[in-house]
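Chemist: Contents of work01.txt (compact mmCIF, C-alpha atoms and all ligand atoms) are given next:
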```txt
# COMPACT_ATOMS: atom_id res chain seq x y z
CA PRO A 54 44.80 -72.71 -110.59
CA ASP A 55 44.27 -71.62 -106.99
CA ARG A 56 43.33 -67.96 -106.92
CA TYR A 57 44.63 -65.07 -104.82
CA ALA A 58 44.62 -61.29 -105.11
CA VAL A 59 45.83 -58.11 -103.51
CA ALA A 60 42.92 -56.21 -101.98
CA GLY A 61 43.28 -52.48 -101.47
CA HIS A 62 42.44 -48.99 -102.61
CA PRO A 63 44.24 -48.20 -104.83
CA VAL A 64 45.73 -51.47 -106.21
CA GLU A 65 46.44 -50.75 -109.88
CA HIS A 66 50.15 -50.02 -109.26
CA SER A 67 50.71 -52.94 -106.88
CA GLN A 68 53.73 -55.09 -107.73
CA SER A 69 52.32 -58.07 -105.82
CA PRO A 70 50.81 -59.80 -108.91
CA PHE A 71 54.25 -59.71 -110.58
CA ILE A 72 56.02 -60.99 -107.46
CA HIS A 73 53.60 -63.87 -106.86
CA ALA A 74 53.63 -64.85 -110.54
CA GLU A 75 57.42 -65.13 -110.29
CA PHE A 76 57.17 -67.19 -107.08
CA ALA A 77 54.61 -69.52 -108.70
CA ARG A 78 56.78 -69.99 -111.80
CA GLN A 79 59.89 -70.63 -109.73
CA THR A 80 58.23 -73.21 -107.44
CA GLY A 81 55.97 -74.81 -110.07
CA GLN A 82 52.82 -73.93 -108.13
CA SER A 83 49.52 -73.45 -109.95
CA VAL A 84 48.58 -69.98 -108.74
CA ASP A 85 46.65 -67.14 -110.31
CA TYR A 86 47.18 -63.82 -108.45
CA GLY A 87 45.21 -60.72 -109.42
CA ARG A 88 44.06 -57.35 -108.13
CA LEU A 89 40.92 -56.66 -106.11
CA LEU A 90 39.95 -53.00 -105.95
CA CYS A 91 37.74 -52.48 -102.91
CA PRO A 92 35.56 -49.39 -102.49
CA LEU A 93 36.59 -47.56 -99.32
CA ASP A 94 33.28 -48.41 -97.61
CA ALA A 95 32.99 -51.97 -98.91
CA PHE A 96 36.12 -53.94 -98.06
CA ALA A 97 34.28 -56.79 -96.33
CA THR A 98 31.59 -57.30 -98.97
CA THR A 99 34.12 -57.14 -101.82
CA VAL A 100 36.44 -59.70 -100.23
CA ARG A 101 33.51 -61.97 -99.27
CA ALA A 102 32.29 -61.99 -102.86
CA PHE A 103 35.83 -62.73 -104.12
CA ALA A 104 36.26 -65.58 -101.63
CA ALA A 105 32.95 -67.19 -102.62
CA ASP A 106 33.43 -67.02 -106.41
CA HIS A 107 35.02 -70.28 -107.47
CA SER A 108 34.04 -69.99 -111.13
CA ALA A 109 37.66 -69.56 -112.27
CA GLY A 110 39.22 -71.88 -109.67
CA PRO A 111 39.22 -72.16 -105.88
CA VAL A 112 39.93 -68.87 -104.10
CA ARG A 113 42.48 -69.48 -101.34
CA GLY A 114 43.37 -66.09 -99.95
CA CYS A 115 44.40 -62.50 -100.46
CA ASN A 116 46.93 -59.92 -99.44
CA VAL A 117 45.59 -56.73 -97.96
CA THR A 118 47.11 -53.31 -98.41
CA VAL A 119 46.25 -49.73 -97.43
CA PRO A 120 43.87 -48.74 -96.02
CA PHE A 121 42.30 -52.07 -95.06
CA LYS A 122 44.87 -53.88 -92.87
CA PHE A 123 42.99 -53.12 -89.65
CA GLU A 124 39.64 -54.14 -91.13
CA ALA A 125 41.12 -57.38 -92.46
CA PHE A 126 42.37 -58.21 -88.98
CA GLU A 127 38.94 -57.50 -87.46
CA LEU A 128 37.13 -59.56 -90.05
CA ALA A 129 38.87 -62.91 -89.73
CA ALA A 130 37.71 -65.39 -87.09
CA ARG A 131 41.25 -66.68 -86.49
CA ARG A 132 44.46 -64.67 -86.14
CA THR A 133 48.12 -65.60 -85.85
CA PRO A 134 50.00 -64.30 -82.80
CA ARG A 135 51.97 -61.86 -84.96
CA ALA A 136 48.74 -60.44 -86.40
CA GLU A 137 47.33 -60.11 -82.86
CA ARG A 138 50.43 -58.20 -81.85
CA ALA A 139 50.15 -55.85 -84.83
CA GLN A 140 46.33 -55.60 -84.63
CA ALA A 141 46.58 -55.52 -88.41
CA ALA A 142 46.69 -58.13 -91.20
CA ASN A 143 48.29 -58.05 -94.64
CA THR A 144 47.51 -61.70 -95.42
CA LEU A 145 44.23 -63.62 -95.30
CA ARG A 146 44.04 -67.36 -95.88
CA PHE A 147 40.60 -68.69 -96.75
CA ASP A 148 40.36 -72.11 -95.16
CA ARG A 149 36.62 -71.81 -95.84
CA ASP A 150 34.68 -69.31 -98.00
CA ASP A 151 33.10 -67.35 -95.15
CA GLU A 152 35.09 -65.28 -92.67
CA GLY A 153 34.47 -67.90 -89.96
CA GLY A 154 37.10 -69.92 -91.84
CA TRP A 155 39.53 -67.07 -92.52
CA LEU A 156 42.95 -66.82 -90.93
CA ALA A 157 44.47 -63.34 -90.56
CA ASP A 158 48.26 -63.08 -90.56
CA ASN A 159 50.80 -60.27 -90.76
CA THR A 160 53.98 -60.96 -92.73
CA ASP A 161 55.16 -57.34 -93.00
CA GLY A 162 57.42 -57.40 -89.95
CA VAL A 163 59.23 -60.64 -90.73
CA GLY A 164 59.59 -59.34 -94.28
CA LEU A 165 61.26 -56.19 -92.99
CA VAL A 166 63.60 -58.06 -90.65
CA ARG A 167 64.63 -60.53 -93.38
CA ASP A 168 65.34 -57.68 -95.76
CA ILE A 169 67.51 -55.90 -93.19
CA GLU A 170 69.36 -58.99 -91.98
CA ARG A 171 69.72 -61.10 -95.14
CA ASN A 172 69.47 -58.70 -98.05
CA ALA A 173 71.10 -55.64 -96.49
CA GLY A 174 73.46 -57.76 -94.36
CA MET A 175 72.84 -55.91 -91.08
CA ALA A 176 72.36 -58.23 -88.08
CA LEU A 177 70.01 -56.47 -85.67
CA ALA A 178 71.14 -58.16 -82.46
CA GLY A 179 72.79 -55.61 -80.17
CA ARG A 180 72.05 -52.67 -82.49
CA ARG A 181 70.35 -49.37 -81.72
CA VAL A 182 67.17 -49.09 -83.78
CA LEU A 183 64.89 -46.08 -84.41
CA LEU A 184 61.42 -46.79 -85.78
CA ILE A 185 59.68 -43.61 -86.99
CA GLY A 186 55.89 -43.86 -87.04
CA ALA A 187 53.25 -45.65 -85.02
CA GLY A 188 50.55 -46.43 -87.60
CA GLY A 189 49.76 -49.72 -89.27
CA ALA A 190 53.14 -50.08 -90.96
CA ALA A 191 55.06 -49.56 -87.71
CA ALA A 192 52.69 -51.85 -85.79
CA GLY A 193 53.42 -54.74 -88.14
CA ALA A 194 57.17 -54.21 -87.81
CA LEU A 195 57.67 -53.80 -84.08
CA GLY A 196 57.19 -57.39 -82.85
CA PRO A 197 59.56 -59.01 -85.38
CA LEU A 198 62.12 -56.20 -84.84
CA LEU A 199 62.13 -56.93 -81.10
CA GLU A 200 62.47 -60.67 -81.71
CA ALA A 201 65.75 -59.88 -83.49
CA GLN A 202 67.01 -58.54 -80.12
CA PRO A 203 68.40 -55.07 -80.76
CA SER A 204 69.95 -53.48 -77.66
CA SER A 205 67.51 -50.57 -77.85
CA LEU A 206 64.49 -49.68 -79.90
CA VAL A 207 62.94 -46.21 -79.89
CA VAL A 208 59.53 -45.66 -81.46
CA ALA A 209 59.24 -42.00 -82.48
CA ASN A 210 55.88 -40.63 -83.51
CA ARG A 211 54.32 -37.20 -84.01
CA THR A 212 51.38 -38.31 -81.87
CA LEU A 213 53.19 -39.57 -78.79
CA SER A 214 50.21 -41.45 -77.36
CA LYS A 215 50.11 -43.77 -80.39
CA ALA A 216 53.79 -44.65 -79.91
CA GLN A 217 53.18 -45.26 -76.21
CA THR A 218 50.23 -47.58 -76.90
CA LEU A 219 52.27 -49.56 -79.41
CA VAL A 220 55.21 -49.87 -77.04
CA ALA A 221 52.97 -50.94 -74.13
CA ARG A 222 51.51 -53.73 -76.28
CA HIS A 223 55.02 -55.07 -76.94
CA ALA A 224 56.51 -54.80 -73.45
CA ASP A 225 56.57 -58.58 -72.96
CA VAL A 226 58.56 -59.28 -76.18
CA ALA A 227 61.13 -56.63 -75.36
CA ALA A 228 63.11 -58.69 -72.84
CA ALA A 229 66.51 -58.18 -74.49
CA THR A 230 65.77 -54.63 -75.63
CA THR A 231 65.34 -51.24 -74.01
CA LEU A 232 62.07 -50.15 -75.60
CA SER A 233 60.78 -46.58 -75.45
CA ALA A 234 58.35 -44.13 -77.06
CA ILE A 235 59.19 -40.53 -77.91
CA THR A 236 58.30 -37.69 -80.29
CA PRO A 237 60.52 -37.37 -83.41
CA ASP A 238 62.16 -34.12 -82.24
CA GLN A 239 63.43 -35.92 -79.12
CA ALA A 240 64.63 -39.09 -80.81
CA GLY A 241 68.29 -38.65 -79.78
CA ALA A 242 71.39 -39.53 -81.80
CA GLY A 243 73.53 -42.31 -83.17
CA PHE A 244 71.18 -45.10 -84.28
CA ASP A 245 72.60 -47.99 -86.32
CA VAL A 246 69.29 -48.58 -88.08
CA VAL A 247 66.65 -45.93 -88.80
CA ILE A 248 63.34 -47.11 -90.28
CA ASN A 249 60.81 -44.68 -91.74
CA ALA A 250 57.33 -46.15 -91.32
CA THR A 251 55.46 -42.86 -91.63
CA ALA A 252 53.31 -41.61 -94.45
CA SER A 253 54.92 -38.16 -94.19
CA SER A 254 56.62 -38.36 -97.59
CA LEU A 255 53.26 -38.94 -99.30
CA GLN A 256 52.12 -35.61 -97.91
CA GLY A 257 55.29 -33.87 -99.05
CA ALA A 258 56.28 -33.24 -95.42
CA ASP A 259 59.87 -32.86 -94.25
CA ILE A 260 61.84 -35.74 -92.75
CA PRO A 261 60.45 -35.80 -89.20
CA VAL A 262 63.80 -36.40 -87.42
CA ASP A 263 67.15 -34.59 -87.23
CA ALA A 264 70.10 -36.09 -89.16
CA ARG A 265 71.99 -36.70 -85.93
CA VAL A 266 69.81 -39.81 -85.43
CA LEU A 267 72.06 -41.43 -88.05
CA ALA A 268 75.23 -43.06 -86.72
CA PRO A 269 78.09 -43.01 -89.27
CA GLY A 270 77.36 -45.79 -91.77
CA ALA A 271 73.84 -46.36 -90.43
CA LEU A 272 71.26 -48.22 -92.44
CA ALA A 273 68.32 -45.93 -93.21
CA LEU A 274 65.32 -47.77 -94.63
CA ASP A 275 62.08 -46.29 -95.92
CA MET A 276 59.20 -48.74 -96.17
CA MET A 277 58.07 -46.93 -99.32
CA TYR A 278 59.65 -47.36 -102.74
CA GLY A 279 59.74 -45.38 -105.95
CA PRO A 280 59.24 -41.59 -105.85
CA ALA A 281 57.74 -41.73 -102.32
CA ALA A 282 61.04 -42.98 -100.86
CA LYS A 283 63.35 -40.63 -102.76
CA GLY A 284 63.40 -37.75 -100.26
CA PHE A 285 64.25 -39.95 -97.28
CA LEU A 286 66.96 -41.88 -99.16
CA ALA A 287 68.58 -38.66 -100.44
CA TRP A 288 68.52 -37.21 -96.91
CA ALA A 289 70.07 -40.39 -95.46
CA GLU A 290 72.84 -40.57 -98.05
CA ALA A 291 73.62 -36.86 -97.72
CA HIS A 292 74.34 -37.58 -94.03
CA GLY A 293 76.61 -40.59 -94.49
CA ALA A 294 74.03 -43.34 -94.08
CA SER A 295 73.27 -46.14 -96.46
CA GLY A 296 69.75 -45.72 -97.86
CA ARG A 297 67.42 -48.60 -98.65
CA ASP A 298 63.90 -48.48 -100.03
CA GLY A 299 60.99 -50.80 -99.22
CA LEU A 300 61.20 -53.05 -102.29
CA GLY A 301 63.15 -55.77 -100.48
CA MET A 302 60.62 -55.74 -97.66
CA LEU A 303 57.83 -55.96 -100.23
CA VAL A 304 59.32 -59.09 -101.80
CA GLU A 305 60.11 -60.69 -98.42
CA GLN A 306 56.61 -60.13 -96.98
CA ALA A 307 55.22 -61.63 -100.19
CA ALA A 308 57.48 -64.67 -99.83
CA GLU A 309 56.25 -65.22 -96.28
CA ALA A 310 52.61 -64.92 -97.44
CA PHE A 311 53.35 -67.43 -100.22
CA PHE A 312 54.70 -69.78 -97.57
CA VAL A 313 51.59 -69.29 -95.38
CA TRP A 314 49.39 -70.20 -98.35
CA ARG A 315 51.46 -72.83 -100.18
CA GLY A 316 53.85 -74.27 -97.59
CA VAL A 317 56.76 -73.57 -99.96
CA ARG A 318 59.46 -70.92 -99.58
CA PRO A 319 60.37 -69.20 -102.84
CA GLU A 320 63.80 -67.73 -103.43
CA THR A 321 63.55 -63.97 -103.10
CA SER A 322 66.80 -62.55 -104.50
CA PRO A 323 66.10 -63.20 -108.22
CA VAL A 324 62.61 -61.76 -107.81
CA LEU A 325 63.92 -58.63 -106.08
CA ALA A 326 66.47 -58.19 -108.88
CA ALA A 327 63.77 -58.64 -111.53
CA LEU A 328 61.53 -56.16 -109.76
CA ARG A 329 64.28 -53.54 -109.56
CA ALA A 330 65.00 -53.99 -113.27
CA ARG A 331 61.29 -53.71 -114.07
CA LEU A 332 60.88 -50.48 -112.10
CA ALA A 333 64.15 -48.88 -113.21
P1 LIG B 401 50.24 -46.74 -92.29
O1 LIG B 401 49.28 -47.88 -92.32
O2 LIG B 401 50.90 -46.48 -93.62
O3 LIG B 401 51.23 -46.82 -91.19
P2 LIG B 401 48.75 -44.82 -90.75
O4 LIG B 401 48.26 -45.91 -89.87
O5 LIG B 401 47.82 -43.75 -91.18
O6 LIG B 401 49.34 -45.41 -92.11
O7 LIG B 401 50.04 -44.16 -90.05
C1 LIG B 401 50.70 -43.10 -90.64
C2 LIG B 401 51.95 -42.77 -89.82
O8 LIG B 401 52.64 -41.68 -90.45
C3 LIG B 401 51.66 -42.30 -88.41
O9 LIG B 401 52.74 -42.66 -87.58
C4 LIG B 401 51.58 -40.78 -88.60
O10 LIG B 401 51.81 -40.02 -87.43
P3 LIG B 401 50.57 -39.72 -86.43
O11 LIG B 401 50.33 -40.97 -85.66
O12 LIG B 401 51.08 -38.60 -85.58
O13 LIG B 401 49.42 -39.32 -87.30
C5 LIG B 401 52.72 -40.57 -89.55
N1 LIG B 401 52.60 -39.35 -90.30
C6 LIG B 401 51.73 -39.05 -91.28
N2 LIG B 401 51.94 -37.83 -91.76
C7 LIG B 401 52.98 -37.30 -91.07
C8 LIG B 401 53.68 -36.04 -91.10
N3 LIG B 401 53.35 -35.09 -91.99
N4 LIG B 401 54.71 -35.89 -90.24
C9 LIG B 401 55.05 -36.85 -89.37
N5 LIG B 401 54.42 -38.06 -89.28
C10 LIG B 401 53.40 -38.27 -90.12
```
Show me, as structure tokens, the structure contained in the file I just sent.
Ligand code: ATR
Modeler:
Amino acid sequence: PDRYAVAGHPVEHSQSPFIHAEFARQTGQSVDYGRLLCPLDAFATTVRAFAADHSAGPVRGCNVTVPFKFEAFELAARRTPRAERAQAANTLRFDRDDEGGWLADNTDGVGLVRDIERNAGMALAGRRVLLIGAGGAAAGALGPLLEAQPSSLVVANRTLSKAQTLVARHADVAAATTLSAITPDQAGAGFDVVINATASSLQGADIPVDARVLAPGALALDMMYGPAAKGFLAWAEAHGASGRDGLGMLVEQAAEAFFVWRGVRPETSPVLAALRARLA
């Protein structure tokens, strides 16, 4: 089989091996997808060694998760436009063993947009969107969100300068959208879609925005899933919004990575259903 892995720290709870095994089964592709735990100070050497070890089959690529998405982007000699825009990569394709032959891509944002539009049934065109956070997760999402042409998109972040930098880097894709940067306390009211891309829940912090950001019936999506998403989803539903965790995004970004590697698009809905059943 062709070999892949998810590289991160930690990786033991990653659902990516399950998702890619399902995609491989469904499409009849010969793929072996494992986990690659990288020491915090040794991402590059660990991935290089993985890429060069063909003893169990050719190694074709890896996904990259926290905290290495920026390093992965820096490492690869070639980058897709969407990875350039995000300045972060969640997918590496090894067209050769050494990083001179690596392609860095970012499938997180398209995964998010597909989950919102197809799985949650909310067309983004003409909507008012609030993106909370300006770290790696938000950076991957912003370009694809703008391509879906919402009427306005506000990036709200505790550190305003980070939101401003992110917004400035996307000014040229924002043609159809009023794009702005703000702090969470000044986010305003009445958004159709509210996306939490902060790590605040992991630190047990409060929801960083006031509930008036939620329009009646808004979609409120947390990029996290499991216990880390619970607080945000409960808050959203208590204020009349429809809560959605990050599992759909996880499956959709994986499907896009599978396509980048294999040229085949797996069907995501049965895999998302299987994943929800597995984690229930
Ligand atoms: P990731 O790759 O998961 O996005 P990151 O790059 O460290 O991780 O970004 C974390 C995001 O969560 C940032 O937007 C961060 O805000 P700052 O830029 O102000 O640091 C946000 N964040 C983390 N803890 C937070 C908290 N307690 N309250 C509000 N925002 C928080």
Chemist: Quick one, how far is atom CA of A:Asn172 from atom CA of A:Ser322?
Modeler: 8.0 Å
Chemist: When you count all atoms listed in the file, which of these residues is closest to ligand LIG 401 (chain B): A:Ser295, A:Thr133, A:Ser83, A:Thr251?
Modeler: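 Distance minimum relative to ligand LIG 401 (chain B) lands on A:Thr251.
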Chemist: Work out how far apart atom CA of A:Leu300 and atom CA of A:Leu206 are and give it in Å to one decimal.
Modeler: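 Separation of atom CA of A:Leu300 and atom CA of A:Leu206: 22.9 Å.
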Chemist: Could you please determine the separation between atom CA of A:Ser204 and atom CA of A:Thr230 in Å, to one decimal place?
Modeler: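 We find that atom CA of A:Ser204 and atom CA of A:Thr230 lie 4.8 Å from each other.
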Chemist: Rank A:Glu305, A:Glu137, A:Asp158, A:Asp259 by their smallest atom-to-atom distance to ligand LIG 401 (chain B), using all atoms listed in the file, and report the top residue only.
Modeler: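 Looking only at the distances to ligand LIG 401 (chain B), the closest residue turns out to be A:Asp259.
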Chemist: Using only C-alpha atoms, which protein or nucleic acid residues come within 10 Å of A:Cys91? Drop anything in the same chain fewer than 5 positions from it, and give the result as a list in words.
Modeler: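 Here the qualifying residues turn out to be Val59, Ala60, Gly61, His62, Pro63, Val64, Phe96, Ala97, Thr98, Thr99, Val100, Pro120 and Phe121 of chain A.
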Chemist: Got a sec: who's within 12 Å of A:Glu170, counting all atoms listed in the file, leaving out chain neighbours fewer than 4 positions off, as a PyMOL selection string?
Modeler: chain A and resi 163-166+174-178+180+197-198+201+203+246+272+301-302+305
Chemist: Just stretch 178-213 of chain A from the block, N, CA and C atoms, as a compact mmCIF listing (two decimals), in the first residue's frame, could you?
Modeler:
```
# COMPACT_ATOMS: atom_id res chain seq x y z
N ALA A 178 -23.47 32.57 0.47
CA ALA A 178 -23.59 33.77 -0.37
C ALA A 178 -24.62 34.73 0.22
N GLY A 179 -24.21 36.00 0.39
CA GLY A 179 -25.11 37.01 0.90
C GLY A 179 -25.33 36.99 2.41
N ARG A 180 -24.68 36.07 3.12
CA ARG A 180 -24.87 35.97 4.57
C ARG A 180 -23.90 36.86 5.32
N ARG A 181 -24.23 37.11 6.60
CA ARG A 181 -23.32 37.83 7.49
C ARG A 181 -22.57 36.80 8.35
N VAL A 182 -21.27 36.81 8.26
CA VAL A 182 -20.45 35.77 8.90
C VAL A 182 -19.51 36.40 9.93
N LEU A 183 -19.44 35.78 11.11
CA LEU A 183 -18.48 36.18 12.15
C LEU A 183 -17.50 35.04 12.37
N LEU A 184 -16.23 35.33 12.18
CA LEU A 184 -15.17 34.35 12.42
C LEU A 184 -14.42 34.79 13.67
N ILE A 185 -14.48 33.98 14.73
CA ILE A 185 -13.82 34.33 15.99
C ILE A 185 -12.47 33.62 16.05
N GLY A 186 -11.40 34.40 16.17
CA GLY A 186 -10.05 33.85 16.21
C GLY A 186 -9.24 34.33 15.03
N ALA A 187 -7.94 34.35 15.18
CA ALA A 187 -7.06 34.77 14.09
C ALA A 187 -5.77 33.97 14.11
N GLY A 188 -5.82 32.76 14.66
CA GLY A 188 -4.66 31.87 14.66
C GLY A 188 -4.66 31.00 13.42
N GLY A 189 -3.99 29.87 13.53
CA GLY A 189 -3.85 28.98 12.37
C GLY A 189 -5.19 28.47 11.85
N ALA A 190 -6.10 28.14 12.74
CA ALA A 190 -7.39 27.59 12.31
C ALA A 190 -8.19 28.63 11.53
N ALA A 191 -8.20 29.86 12.03
CA ALA A 191 -8.92 30.93 11.33
C ALA A 191 -8.24 31.27 10.01
N ALA A 192 -6.91 31.24 9.99
CA ALA A 192 -6.17 31.58 8.77
C ALA A 192 -6.50 30.62 7.63
N GLY A 193 -6.64 29.34 7.96
CA GLY A 193 -6.99 28.36 6.93
C GLY A 193 -8.40 28.57 6.39
N ALA A 194 -9.28 29.10 7.23
CA ALA A 194 -10.69 29.20 6.87
C ALA A 194 -11.02 30.44 6.06
N LEU A 195 -10.29 31.53 6.26
CA LEU A 195 -10.76 32.82 5.76
C LEU A 195 -10.87 32.89 4.23
N GLY A 196 -9.85 32.43 3.52
CA GLY A 196 -9.88 32.50 2.05
C GLY A 196 -11.08 31.76 1.46
N PRO A 197 -11.26 30.48 1.78
CA PRO A 197 -12.43 29.75 1.27
C PRO A 197 -13.76 30.35 1.72
N LEU A 198 -13.84 30.91 2.93
CA LEU A 198 -15.09 31.57 3.35
C LEU A 198 -15.40 32.75 2.43
N LEU A 199 -14.37 33.54 2.11
CA LEU A 199 -14.59 34.71 1.25
C LEU A 199 -14.97 34.28 -0.17
N GLU A 200 -14.40 33.19 -0.64
CA GLU A 200 -14.74 32.71 -1.98
C GLU A 200 -16.21 32.33 -2.09
N ALA A 201 -16.83 32.01 -0.95
CA ALA A 201 -18.26 31.68 -0.94
C ALA A 201 -19.14 32.94 -0.95
N GLN A 202 -18.51 34.12 -0.95
CA GLN A 202 -19.18 35.40 -1.15
C GLN A 202 -20.26 35.76 -0.15
N PRO A 203 -19.94 35.73 1.15
CA PRO A 203 -20.87 36.30 2.12
C PRO A 203 -20.97 37.81 1.91
N SER A 204 -22.04 38.44 2.40
CA SER A 204 -22.14 39.90 2.22
C SER A 204 -21.16 40.61 3.13
N SER A 205 -20.96 40.08 4.35
CA SER A 205 -19.95 40.66 5.23
C SER A 205 -19.27 39.55 6.01
N LEU A 206 -18.02 39.81 6.35
CA LEU A 206 -17.28 38.86 7.18
C LEU A 206 -16.45 39.65 8.18
N VAL A 207 -16.71 39.42 9.46
CA VAL A 207 -15.98 40.10 10.53
C VAL A 207 -15.06 39.08 11.20
N VAL A 208 -13.79 39.40 11.27
CA VAL A 208 -12.83 38.57 12.01
C VAL A 208 -12.63 39.22 13.38
N ALA A 209 -13.03 38.51 14.44
CA ALA A 209 -12.93 39.05 15.80
C ALA A 209 -11.87 38.30 16.57
N ASN A 210 -10.89 39.02 17.06
CA ASN A 210 -9.83 38.35 17.82
C ASN A 210 -9.39 39.18 19.01
N ARG A 211 -9.07 38.47 20.10
CA ARG A 211 -8.59 39.11 21.33
C ARG A 211 -7.41 40.04 21.03
N THR A 212 -6.45 39.54 20.24
CA THR A 212 -5.33 40.37 19.83
C THR A 212 -5.69 40.98 18.48
N LEU A 213 -6.11 42.24 18.50
CA LEU A 213 -6.65 42.86 17.29
C LEU A 213 -5.66 42.84 16.13
```
